[in-house]
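With compact mmCIF, C-alpha atoms (C1' of nucleotides) inside, this is run03.txt:
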# COMPACT_ATOMS: atom_id res chain seq x y z
CA MET B 1271 62.25 104.36 -28.28
CA ALA B 1272 63.03 105.71 -31.69
CA ARG B 1273 63.47 102.56 -33.75
CA LEU B 1274 61.29 99.82 -32.36
CA GLN B 1275 60.89 96.83 -34.65
CA PRO B 1276 57.59 94.94 -34.71
CA LEU B 1277 57.68 91.44 -33.23
CA GLY B 1278 57.75 88.83 -35.98
CA ARG B 1279 55.04 86.36 -36.91
CA ARG B 1280 56.85 83.50 -35.15
CA PHE B 1281 56.44 85.18 -31.79
CA TYR B 1282 52.68 84.80 -32.10
CA GLN B 1283 52.62 81.30 -33.54
CA ARG B 1284 53.79 79.71 -30.30
CA ASP B 1285 51.70 78.19 -27.53
CA THR B 1286 49.11 80.77 -26.40
CA VAL B 1287 50.23 80.71 -22.75
CA ALA B 1288 53.84 81.28 -23.86
CA VAL B 1289 52.72 84.20 -26.01
CA ALA B 1290 50.69 85.64 -23.12
CA ARG B 1291 53.67 85.48 -20.77
CA GLY B 1292 55.91 86.83 -23.50
CA LEU B 1293 53.65 89.82 -24.08
CA LEU B 1294 54.10 91.09 -20.51
CA GLY B 1295 56.55 93.96 -20.63
CA LYS B 1296 56.29 94.37 -24.40
CA VAL B 1297 55.51 97.73 -25.94
CA LEU B 1298 52.26 98.37 -27.81
CA VAL B 1299 52.68 101.20 -30.29
CA ARG B 1300 49.74 102.98 -31.90
CA ARG B 1301 49.92 105.64 -34.60
CA LEU B 1302 47.11 108.13 -34.17
CA PRO B 1303 46.31 111.14 -36.32
CA GLU B 1304 47.46 113.32 -33.41
CA GLY B 1305 50.72 111.46 -32.91
CA ILE B 1306 52.31 108.25 -31.71
CA VAL B 1307 51.42 106.69 -28.38
CA ALA B 1308 53.13 103.73 -26.71
CA VAL B 1309 52.31 101.64 -23.64
CA ARG B 1310 53.93 98.72 -21.81
CA LEU B 1311 51.67 95.70 -21.31
CA VAL B 1312 51.29 94.61 -17.69
CA GLU B 1313 48.19 92.41 -17.77
CA VAL B 1314 46.90 89.90 -20.33
CA GLU B 1315 44.62 86.86 -20.48
CA ALA B 1316 44.94 83.73 -22.60
CA TYR B 1317 41.91 82.28 -24.39
CA LEU B 1318 42.50 78.75 -25.56
CA GLY B 1319 40.11 78.31 -28.44
CA VAL B 1320 37.60 75.54 -29.09
CA ALA B 1321 38.27 73.76 -25.76
CA ASP B 1322 37.92 76.88 -23.63
CA ARG B 1323 34.35 77.64 -22.55
CA ALA B 1324 35.24 81.28 -21.92
CA CYS B 1325 36.53 81.73 -25.46
CA HIS B 1326 34.39 83.15 -28.26
CA THR B 1327 35.37 80.18 -30.42
CA PHE B 1328 34.46 77.51 -27.84
CA GLY B 1329 33.11 74.38 -29.46
CA GLY B 1330 34.24 75.52 -32.89
CA ARG B 1331 31.96 78.55 -33.07
CA ARG B 1332 32.79 80.44 -36.21
CA THR B 1333 30.86 83.63 -36.98
CA PRO B 1334 31.61 86.89 -38.80
CA ARG B 1335 32.66 88.38 -35.48
CA THR B 1336 35.20 85.66 -34.61
CA GLU B 1337 36.53 85.20 -38.13
CA THR B 1338 39.77 87.03 -37.30
CA MET B 1339 40.58 84.52 -34.55
CA TRP B 1340 40.38 81.71 -37.07
CA GLY B 1341 42.99 83.39 -39.23
CA ALA B 1342 46.75 83.74 -39.01
CA ALA B 1343 48.66 84.58 -35.83
CA GLY B 1344 49.94 88.08 -35.29
CA HIS B 1345 46.70 89.84 -36.14
CA LEU B 1346 44.54 91.99 -33.90
CA TYR B 1347 41.08 90.65 -32.96
CA VAL B 1348 38.86 93.52 -31.82
CA TYR B 1349 35.30 92.93 -30.67
CA PHE B 1350 32.54 95.08 -29.24
CA THR B 1351 30.82 94.15 -25.99
CA TYR B 1352 28.27 95.40 -23.45
CA GLY B 1353 26.94 97.75 -26.09
CA MET B 1354 29.71 100.28 -25.53
CA HIS B 1355 33.14 98.75 -25.07
CA HIS B 1356 35.82 97.45 -27.40
CA CYS B 1357 38.34 94.80 -26.36
CA ALA B 1358 41.58 93.98 -28.18
CA ASN B 1359 43.13 90.53 -28.51
CA VAL B 1360 46.22 89.20 -30.24
CA VAL B 1361 45.64 86.10 -32.36
CA THR B 1362 48.03 83.20 -31.68
CA ARG B 1363 48.84 79.71 -32.97
CA ARG B 1364 47.96 78.97 -36.60
CA VAL B 1365 45.21 79.25 -39.14
CA GLY B 1366 42.26 77.11 -38.05
CA ASP B 1367 43.30 77.07 -34.36
CA PRO B 1368 41.37 80.08 -32.98
CA GLN B 1369 43.24 81.13 -29.84
CA ALA B 1370 44.08 84.62 -28.61
CA VAL B 1371 45.46 86.76 -25.82
CA LEU B 1372 43.29 89.58 -24.43
CA LEU B 1373 45.12 92.81 -23.63
CA ARG B 1374 43.82 93.87 -20.21
CA GLY B 1375 46.18 96.48 -18.84
CA ALA B 1376 49.22 98.63 -19.52
CA VAL B 1377 51.20 101.60 -18.28
CA PRO B 1378 51.86 104.67 -20.43
CA LEU B 1379 55.27 105.22 -22.02
CA LEU B 1380 54.66 107.86 -24.65
CA GLY B 1381 51.81 110.22 -25.50
CA ARG B 1382 50.07 110.09 -22.13
CA GLU B 1383 48.30 113.39 -22.82
CA LEU B 1384 46.87 112.05 -26.07
CA MET B 1385 45.55 108.95 -24.31
CA ALA B 1386 44.04 110.96 -21.45
CA ALA B 1387 42.37 113.24 -23.98
CA ARG B 1388 40.80 110.23 -25.69
CA ARG B 1389 39.47 109.13 -22.32
CA GLY B 1390 37.68 112.42 -21.89
CA GLY B 1391 40.50 114.12 -20.04
CA ARG B 1392 40.69 111.48 -17.34
CA ASP B 1393 44.24 110.85 -16.31
CA GLY B 1394 45.12 108.69 -13.35
CA SER B 1395 46.43 105.31 -12.31
CA ASP B 1396 43.45 103.75 -14.09
CA LEU B 1397 44.25 105.35 -17.45
CA LEU B 1398 45.05 101.97 -19.04
CA THR B 1399 43.81 99.38 -16.51
CA GLY B 1400 41.01 97.35 -18.03
CA PRO B 1401 40.55 96.10 -21.58
CA ALA B 1402 37.99 98.72 -22.60
CA ARG B 1403 39.94 101.61 -21.09
CA LEU B 1404 43.02 100.42 -22.96
CA THR B 1405 41.28 100.32 -26.34
CA ARG B 1406 39.61 103.67 -25.76
CA ALA B 1407 42.86 105.40 -24.78
CA LEU B 1408 44.63 103.94 -27.80
CA GLY B 1409 41.85 104.63 -30.27
CA ILE B 1410 41.35 100.94 -31.08
CA ASP B 1411 37.96 99.91 -32.48
CA ARG B 1412 36.41 97.46 -34.93
CA SER B 1413 38.09 99.24 -37.82
CA LEU B 1414 41.34 97.67 -36.59
CA ASP B 1415 39.92 94.16 -36.36
CA GLY B 1416 42.23 91.97 -38.42
CA ALA B 1417 45.10 94.48 -38.47
CA ASP B 1418 48.49 92.84 -38.97
CA LEU B 1419 50.74 93.49 -35.97
CA THR B 1420 53.94 92.48 -37.74
CA THR B 1421 54.10 95.23 -40.35
CA GLY B 1422 54.68 98.22 -38.07
CA ALA B 1423 51.76 100.12 -39.59
CA ASP B 1424 48.91 101.61 -37.52
CA VAL B 1425 49.40 99.38 -34.53
CA PHE B 1426 52.12 96.92 -33.56
CA LEU B 1427 53.92 95.25 -30.68
CA ALA B 1428 57.64 95.57 -30.05
CA ASP B 1429 60.39 94.58 -27.63
CA ASP B 1430 62.30 97.56 -26.27
CA GLY B 1431 64.69 95.44 -24.25
CA PHE B 1432 62.66 95.52 -21.05
CA ARG B 1433 63.23 92.26 -19.16
CA ARG B 1434 60.80 90.93 -16.60
CA SER B 1435 61.93 88.12 -14.39
CA ALA B 1436 59.66 85.09 -14.09
CA ASP B 1437 59.37 85.90 -10.39
CA TRP B 1438 57.54 89.07 -11.28
CA THR B 1439 54.86 87.33 -13.27
CA MET B 1440 51.69 86.17 -11.54
CA ALA B 1441 49.18 83.72 -12.98
CA LEU B 1442 45.62 84.30 -11.74
CA PRO B 1443 42.07 83.24 -12.63
CA ARG B 1444 40.50 85.20 -15.43
CA VAL B 1445 38.02 88.02 -14.95
CA GLY B 1446 34.39 88.41 -15.95
CA ILE B 1447 33.73 84.90 -17.21
CA ALA B 1448 31.73 83.42 -14.34
CA TYR B 1449 29.59 81.62 -16.94
CA ALA B 1450 32.52 79.51 -18.13
CA GLY B 1451 32.23 76.55 -15.77
CA GLU B 1452 35.48 74.92 -14.77
CA ALA B 1453 37.37 77.12 -17.23
CA THR B 1454 36.63 80.11 -14.97
CA ALA B 1455 39.30 79.03 -12.53
CA TRP B 1456 42.03 78.26 -15.04
CA PRO B 1457 45.05 80.46 -14.19
CA LEU B 1458 45.31 82.10 -17.60
CA ARG B 1459 45.51 85.73 -16.54
CA PHE B 1460 49.04 87.02 -16.34
CA VAL B 1461 50.09 90.12 -14.47
CA LEU B 1462 53.42 91.84 -14.20
CA ALA B 1463 53.69 92.19 -10.44
CA GLY B 1464 54.49 95.55 -8.97
CA ARG B 1465 53.10 97.37 -11.99
CA GLY B 1466 49.72 98.95 -12.38
CA GLY B 1467 47.71 95.75 -12.72
CA ARG B 1468 44.20 95.98 -11.37
CA ARG B 1469 43.56 95.25 -7.76
CA ARG B 1470 40.02 94.15 -8.29
CA GLY B 1471 40.29 90.39 -8.11
CA ALA B 1472 38.24 87.52 -9.46
CA GLY B 1473 35.88 88.19 -6.58
CA SER B 1474 34.26 90.98 -8.51
CA ALA B 1475 32.74 88.58 -11.03
CA ARG B 1476 29.32 89.88 -11.97
CA ARG B 1477 26.02 88.22 -11.48
CA ARG B 1478 24.36 87.27 -14.75
C1' DG F 1347 34.29 97.55 -0.96
C1' DA F 1348 29.76 96.44 -2.92
C1' DC F 1349 26.32 97.18 -6.03
C1' DC F 1350 23.95 98.78 -10.11
C1' DA F 1351 22.66 100.89 -14.63
C1' DG F 1352 23.85 101.58 -18.97
C1' DA F 1353 23.54 100.73 -24.75
C1' DT F 1354 23.66 97.82 -28.42
C1' DG F 1355 26.05 94.21 -31.20
C1' DT F 1356 26.02 89.32 -31.62
C1' DA F 1357 24.47 84.66 -31.25
C1' DC F 1358 20.93 81.69 -31.09
C1' DT F 1359 15.94 80.11 -31.21
C1' DG O 856 12.44 87.99 -31.17
C1' DT O 857 15.24 87.32 -27.09
C1' DA O 858 19.08 86.79 -24.03
C1' DC O 859 23.38 88.07 -22.84
C1' DA O 860 28.05 89.87 -23.19
C1' DT O 861 36.34 88.83 -22.17
C1' DC O 862 33.10 96.08 -18.85
C1' DT O 863 33.13 100.79 -16.89
C1' DG O 864 31.71 104.65 -14.19
C1' DG O 865 29.01 106.29 -10.68
C1' DT O 866 26.66 105.89 -6.32
C1' DC O 867 26.01 104.24 -1.86
C1' DT O 868 27.66 102.35 2.49
Output the file's structure as structure tokens, nothing else.
Amino acid sequence: MARLQPLGRRFYQRDTVAVARGLLGKVLVRRLPEGIVAVRLVEVEAYLGVADRACHTFGGRRTPRTETMWGAAGHLYVYFTYGMHHCANVVTRRVGDPQAVLLRGAVPLLGRELMAARRGGRDGSDLLTGPARLTRALGIDRSLDGADLTTGADVFLADDGFRRSADWTMALPRVGIAYAGEATAWPLRFVLAGRGGRRRGAGSARRR
DNA sequence: GACCAGATGTACT
DNA sequence: GTACATCTGGTCT
């Protein structure tokens, strides 16, 4: 894993669903003060911008929080939710077309101890399953909102040659967006089958 | 498996 | 000022 090259801007400028599928199996590398950690993405969700009721930019909403999504592809969009959790997204498409892919789950490749330490010593099959667990284990917060993923700096995505077959990719309804009307059922959540994806299905959607 | 509380930033009135 | 959020961890059954 010594010489991973960051994915280029063009990878992110494609159709959001294509980017989401393409991200499965890719390696997310994070440089922490304590060392380098790396994980393989196994679960993501696509958010399709102004036409997607579940998306922060639905209807053209543009606020300080969502500004990163409105910018160039290949940047990290990090937001804070439920008063205590951070979630990380990858911005896709082009400037002015605010779409993104939420990183929901991964499996550890390198630096597992560092990640477990950041999660308060918890280490188990749920170390990286769930968007907020992922960001916590990788030390991702609002300070990384807008970070460029193509430079290979603090955080970036890379291809280490891992090849998933299309047969191993599942498309499922998204999670936690019961408020989103018809968009709730759109199959925009992609999971690498047979890998640590979460078992909790769409059925766990909260009241509210 | 089901259910609930938690803590606060963000959007909107 | 108010409502709610791309969720998690803990408890109860």
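Here the question is which of B:Thr1351, B:Tyr1317, B:Ile1447, B:Asn1359 gets nearest to B:Leu1427 using all atoms listed in the file, and that residue is B:Asn1359.
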Could you list the residues in chain B lying within 7 Å of chain F, using only C-alpha atoms (C1' of nucleotides), and format the result as a list of chain:residue names? B:Phe1350, B:Gly1353, B:Met1354
Taking all atoms listed in the file into account and nothing else, which residues of chain O lie no more than 7 Å away from chain B? Please answer as a PDB file with C-alpha atoms (C1' of nucleotides), in the coordinates of the input.
ATOM      1  C1'  DA O 860      28.050  89.870 -23.190  1.00  0.00           C
ATOM      2  C1'  DT O 861      36.340  88.830 -22.170  1.00  0.00           C
ATOM      3  C1'  DC O 862      33.100  96.080 -18.850  1.00  0.00           C
TER       4       DC O 862
END
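As for atom CA of B:Arg1323 and atom CA of B:Ala1441, they are spaced 18.7 Å apart.
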Show me, as a VMD selection string, the residues that have an atom within 9 Å of B:Ala1370 when counting all atoms listed in the file, minus same-chain residues fewer than 2 positions from it. chain B and resid 1286 1290 1315 to 1319 1325 1339 1343 1347 1359 to 1363 1368 1372
Distance atom CA of B:Asp1411-atom C1' of O:DT866, one decimal place?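 Separation of atom CA of B:Asp1411 and atom C1' of O:DT866: 29.1 Å.
The space between atom CA of B:Arg1388 and atom CA of B:Leu1408 spans 7.7 Å.
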Around the point (43.2, 103.9, -24.1), in the coordinates given by the file, pick out the residues reaching within 12 Å, counting all atoms listed in the file, and return them as a VMD selection string. chain B and resid 1298 to 1300 1302 1307 to 1309 1355 to 1358 1373 to 1378 1381 to 1394 1396 to 1411
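Nearest residue to B:Gly1278 among B:Ala1448, B:Leu1458, B:Leu1419, B:Leu1442 is B:Leu1419, counting only C-alpha atoms.
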Could you pull chain F out of the block above and give me N, CA, C and O atoms (P, O5', C5', C4', C3', O3' and C1' of nucleotides), as a PDB file, in the first residue's frame?
ATOM      1  P    DG F1347     -31.746  -8.660  14.201  1.00  0.00           P
ATOM      2  O5'  DG F1347     -33.129  -8.276  14.861  1.00  0.00           O
ATOM      3  C5'  DG F1347     -34.285  -9.088  14.757  1.00  0.00           C
ATOM      4  C4'  DG F1347     -35.379  -8.387  15.528  1.00  0.00           C
ATOM      5  C3'  DG F1347     -35.613  -6.961  15.057  1.00  0.00           C
ATOM      6  O3'  DG F1347     -37.008  -6.680  15.058  1.00  0.00           O
ATOM      7  C1'  DG F1347     -35.009  -6.921  17.339  1.00  0.00           C
ATOM      8  P    DA F1348     -37.578  -5.279  14.618  1.00  0.00           P
ATOM      9  O5'  DA F1348     -37.814  -4.535  16.011  1.00  0.00           O
ATOM     10  C5'  DA F1348     -38.656  -5.139  16.974  1.00  0.00           C
ATOM     11  C4'  DA F1348     -38.914  -4.156  18.081  1.00  0.00           C
ATOM     12  C3'  DA F1348     -39.192  -2.728  17.597  1.00  0.00           C
ATOM     13  O3'  DA F1348     -40.253  -2.189  18.376  1.00  0.00           O
ATOM     14  C1'  DA F1348     -37.302  -2.743  19.040  1.00  0.00           C
ATOM     15  P    DC F1349     -40.830  -0.750  18.014  1.00  0.00           P
ATOM     16  O5'  DC F1349     -40.146   0.118  19.148  1.00  0.00           O
ATOM     17  C5'  DC F1349     -40.192  -0.345  20.489  1.00  0.00           C
ATOM     18  C4'  DC F1349     -39.353   0.544  21.359  1.00  0.00           C
ATOM     19  C3'  DC F1349     -39.492   2.026  21.019  1.00  0.00           C
ATOM     20  O3'  DC F1349     -39.906   2.722  22.171  1.00  0.00           O
ATOM     21  C1'  DC F1349     -37.202   1.405  21.244  1.00  0.00           C
ATOM     22  P    DC F1350     -40.348   4.262  22.035  1.00  0.00           P
ATOM     23  O5'  DC F1350     -39.116   4.945  22.757  1.00  0.00           O
ATOM     24  C5'  DC F1350     -38.669   4.425  23.999  1.00  0.00           C
ATOM     25  C4'  DC F1350     -37.396   5.109  24.399  1.00  0.00           C
ATOM     26  C3'  DC F1350     -37.428   6.615  24.129  1.00  0.00           C
ATOM     27  O3'  DC F1350     -37.164   7.307  25.331  1.00  0.00           O
ATOM     28  C1'  DC F1350     -35.445   5.612  23.246  1.00  0.00           C
ATOM     29  P    DA F1351     -37.349   8.885  25.387  1.00  0.00           P
ATOM     30  O5'  DA F1351     -35.875   9.296  25.801  1.00  0.00           O
ATOM     31  C5'  DA F1351     -35.167   8.471  26.716  1.00  0.00           C
ATOM     32  C4'  DA F1351     -33.730   8.923  26.792  1.00  0.00           C
ATOM     33  C3'  DA F1351     -33.566  10.441  26.803  1.00  0.00           C
ATOM     34  O3'  DA F1351     -32.537  10.760  27.716  1.00  0.00           O
ATOM     35  C1'  DA F1351     -32.498   9.514  24.871  1.00  0.00           C
ATOM     36  P    DG F1352     -32.233  12.264  28.054  1.00  0.00           P
ATOM     37  O5'  DG F1352     -30.901  12.493  27.200  1.00  0.00           O
ATOM     38  C5'  DG F1352     -29.860  11.523  27.237  1.00  0.00           C
ATOM     39  C4'  DG F1352     -28.866  11.827  26.147  1.00  0.00           C
ATOM     40  C3'  DG F1352     -28.597  13.325  25.998  1.00  0.00           C
ATOM     41  O3'  DG F1352     -27.204  13.545  26.062  1.00  0.00           O
ATOM     42  C1'  DG F1352     -29.081  12.350  23.892  1.00  0.00           C
ATOM     43  P    DA F1353     -26.717  14.913  26.716  1.00  0.00           P
ATOM     44  O5'  DA F1353     -26.374  15.765  25.420  1.00  0.00           O
ATOM     45  C5'  DA F1353     -25.218  15.429  24.677  1.00  0.00           C
ATOM     46  C4'  DA F1353     -24.968  16.502  23.652  1.00  0.00           C
ATOM     47  C3'  DA F1353     -25.129  17.925  24.174  1.00  0.00           C
ATOM     48  O3'  DA F1353     -24.097  18.688  23.584  1.00  0.00           O
ATOM     49  C1'  DA F1353     -26.717  17.508  22.444  1.00  0.00           C
ATOM     50  P    DT F1354     -23.977  20.233  23.971  1.00  0.00           P
ATOM     51  O5'  DT F1354     -24.340  20.869  22.560  1.00  0.00           O
ATOM     52  C5'  DT F1354     -23.593  20.479  21.419  1.00  0.00           C
ATOM     53  C4'  DT F1354     -24.292  20.967  20.173  1.00  0.00           C
ATOM     54  C3'  DT F1354     -24.700  22.450  20.211  1.00  0.00           C
ATOM     55  O3'  DT F1354     -24.446  22.978  18.922  1.00  0.00           O
ATOM     56  C1'  DT F1354     -26.482  21.170  19.541  1.00  0.00           C
ATOM     57  P    DG F1355     -23.360  24.106  18.724  1.00  0.00           P
ATOM     58  O5'  DG F1355     -23.206  24.089  17.130  1.00  0.00           O
ATOM     59  C5'  DG F1355     -22.790  22.897  16.499  1.00  0.00           C
ATOM     60  C4'  DG F1355     -23.540  22.700  15.195  1.00  0.00           C
ATOM     61  C3'  DG F1355     -23.655  23.950  14.339  1.00  0.00           C
ATOM     62  O3'  DG F1355     -23.474  23.549  12.989  1.00  0.00           O
ATOM     63  C1'  DG F1355     -25.831  23.122  14.824  1.00  0.00           C
ATOM     64  P    DT F1356     -23.335  24.612  11.833  1.00  0.00           P
ATOM     65  O5'  DT F1356     -24.796  24.622  11.210  1.00  0.00           O
ATOM     66  C5'  DT F1356     -25.324  23.419  10.679  1.00  0.00           C
ATOM     67  C4'  DT F1356     -26.737  23.642  10.206  1.00  0.00           C
ATOM     68  C3'  DT F1356     -26.946  24.941   9.438  1.00  0.00           C
ATOM     69  O3'  DT F1356     -27.469  24.598   8.166  1.00  0.00           O
ATOM     70  C1'  DT F1356     -28.631  24.642  11.091  1.00  0.00           C
ATOM     71  P    DA F1357     -27.770  25.723   7.088  1.00  0.00           P
ATOM     72  O5'  DA F1357     -29.363  25.733   7.123  1.00  0.00           O
ATOM     73  C5'  DA F1357     -30.053  24.493   7.033  1.00  0.00           C
ATOM     74  C4'  DA F1357     -31.546  24.717   7.170  1.00  0.00           C
ATOM     75  C3'  DA F1357     -32.086  25.876   6.341  1.00  0.00           C
ATOM     76  O3'  DA F1357     -33.320  25.476   5.778  1.00  0.00           O
ATOM     77  C1'  DA F1357     -32.595  26.220   8.627  1.00  0.00           C
ATOM     78  P    DC F1358     -34.016  26.364   4.656  1.00  0.00           P
ATOM     79  O5'  DC F1358     -35.252  26.963   5.449  1.00  0.00           O
ATOM     80  C5'  DC F1358     -36.055  26.069   6.220  1.00  0.00           C
ATOM     81  C4'  DC F1358     -36.916  26.859   7.167  1.00  0.00           C
ATOM     82  C3'  DC F1358     -37.496  28.139   6.544  1.00  0.00           C
ATOM     83  O3'  DC F1358     -38.906  28.137   6.723  1.00  0.00           O
ATOM     84  C1'  DC F1358     -36.567  28.575   8.666  1.00  0.00           C
ATOM     85  P    DT F1359     -39.829  29.306   6.072  1.00  0.00           P
ATOM     86  O5'  DT F1359     -40.503  29.907   7.368  1.00  0.00           O
ATOM     87  C5'  DT F1359     -40.999  29.012   8.366  1.00  0.00           C
ATOM     88  C4'  DT F1359     -41.468  29.779   9.581  1.00  0.00           C
ATOM     89  C3'  DT F1359     -42.237  31.054   9.233  1.00  0.00           C
ATOM     90  O3'  DT F1359     -43.347  31.175  10.120  1.00  0.00           O
ATOM     91  C1'  DT F1359     -40.387  31.571  10.618  1.00  0.00           C
TER      92       DT F1359
END
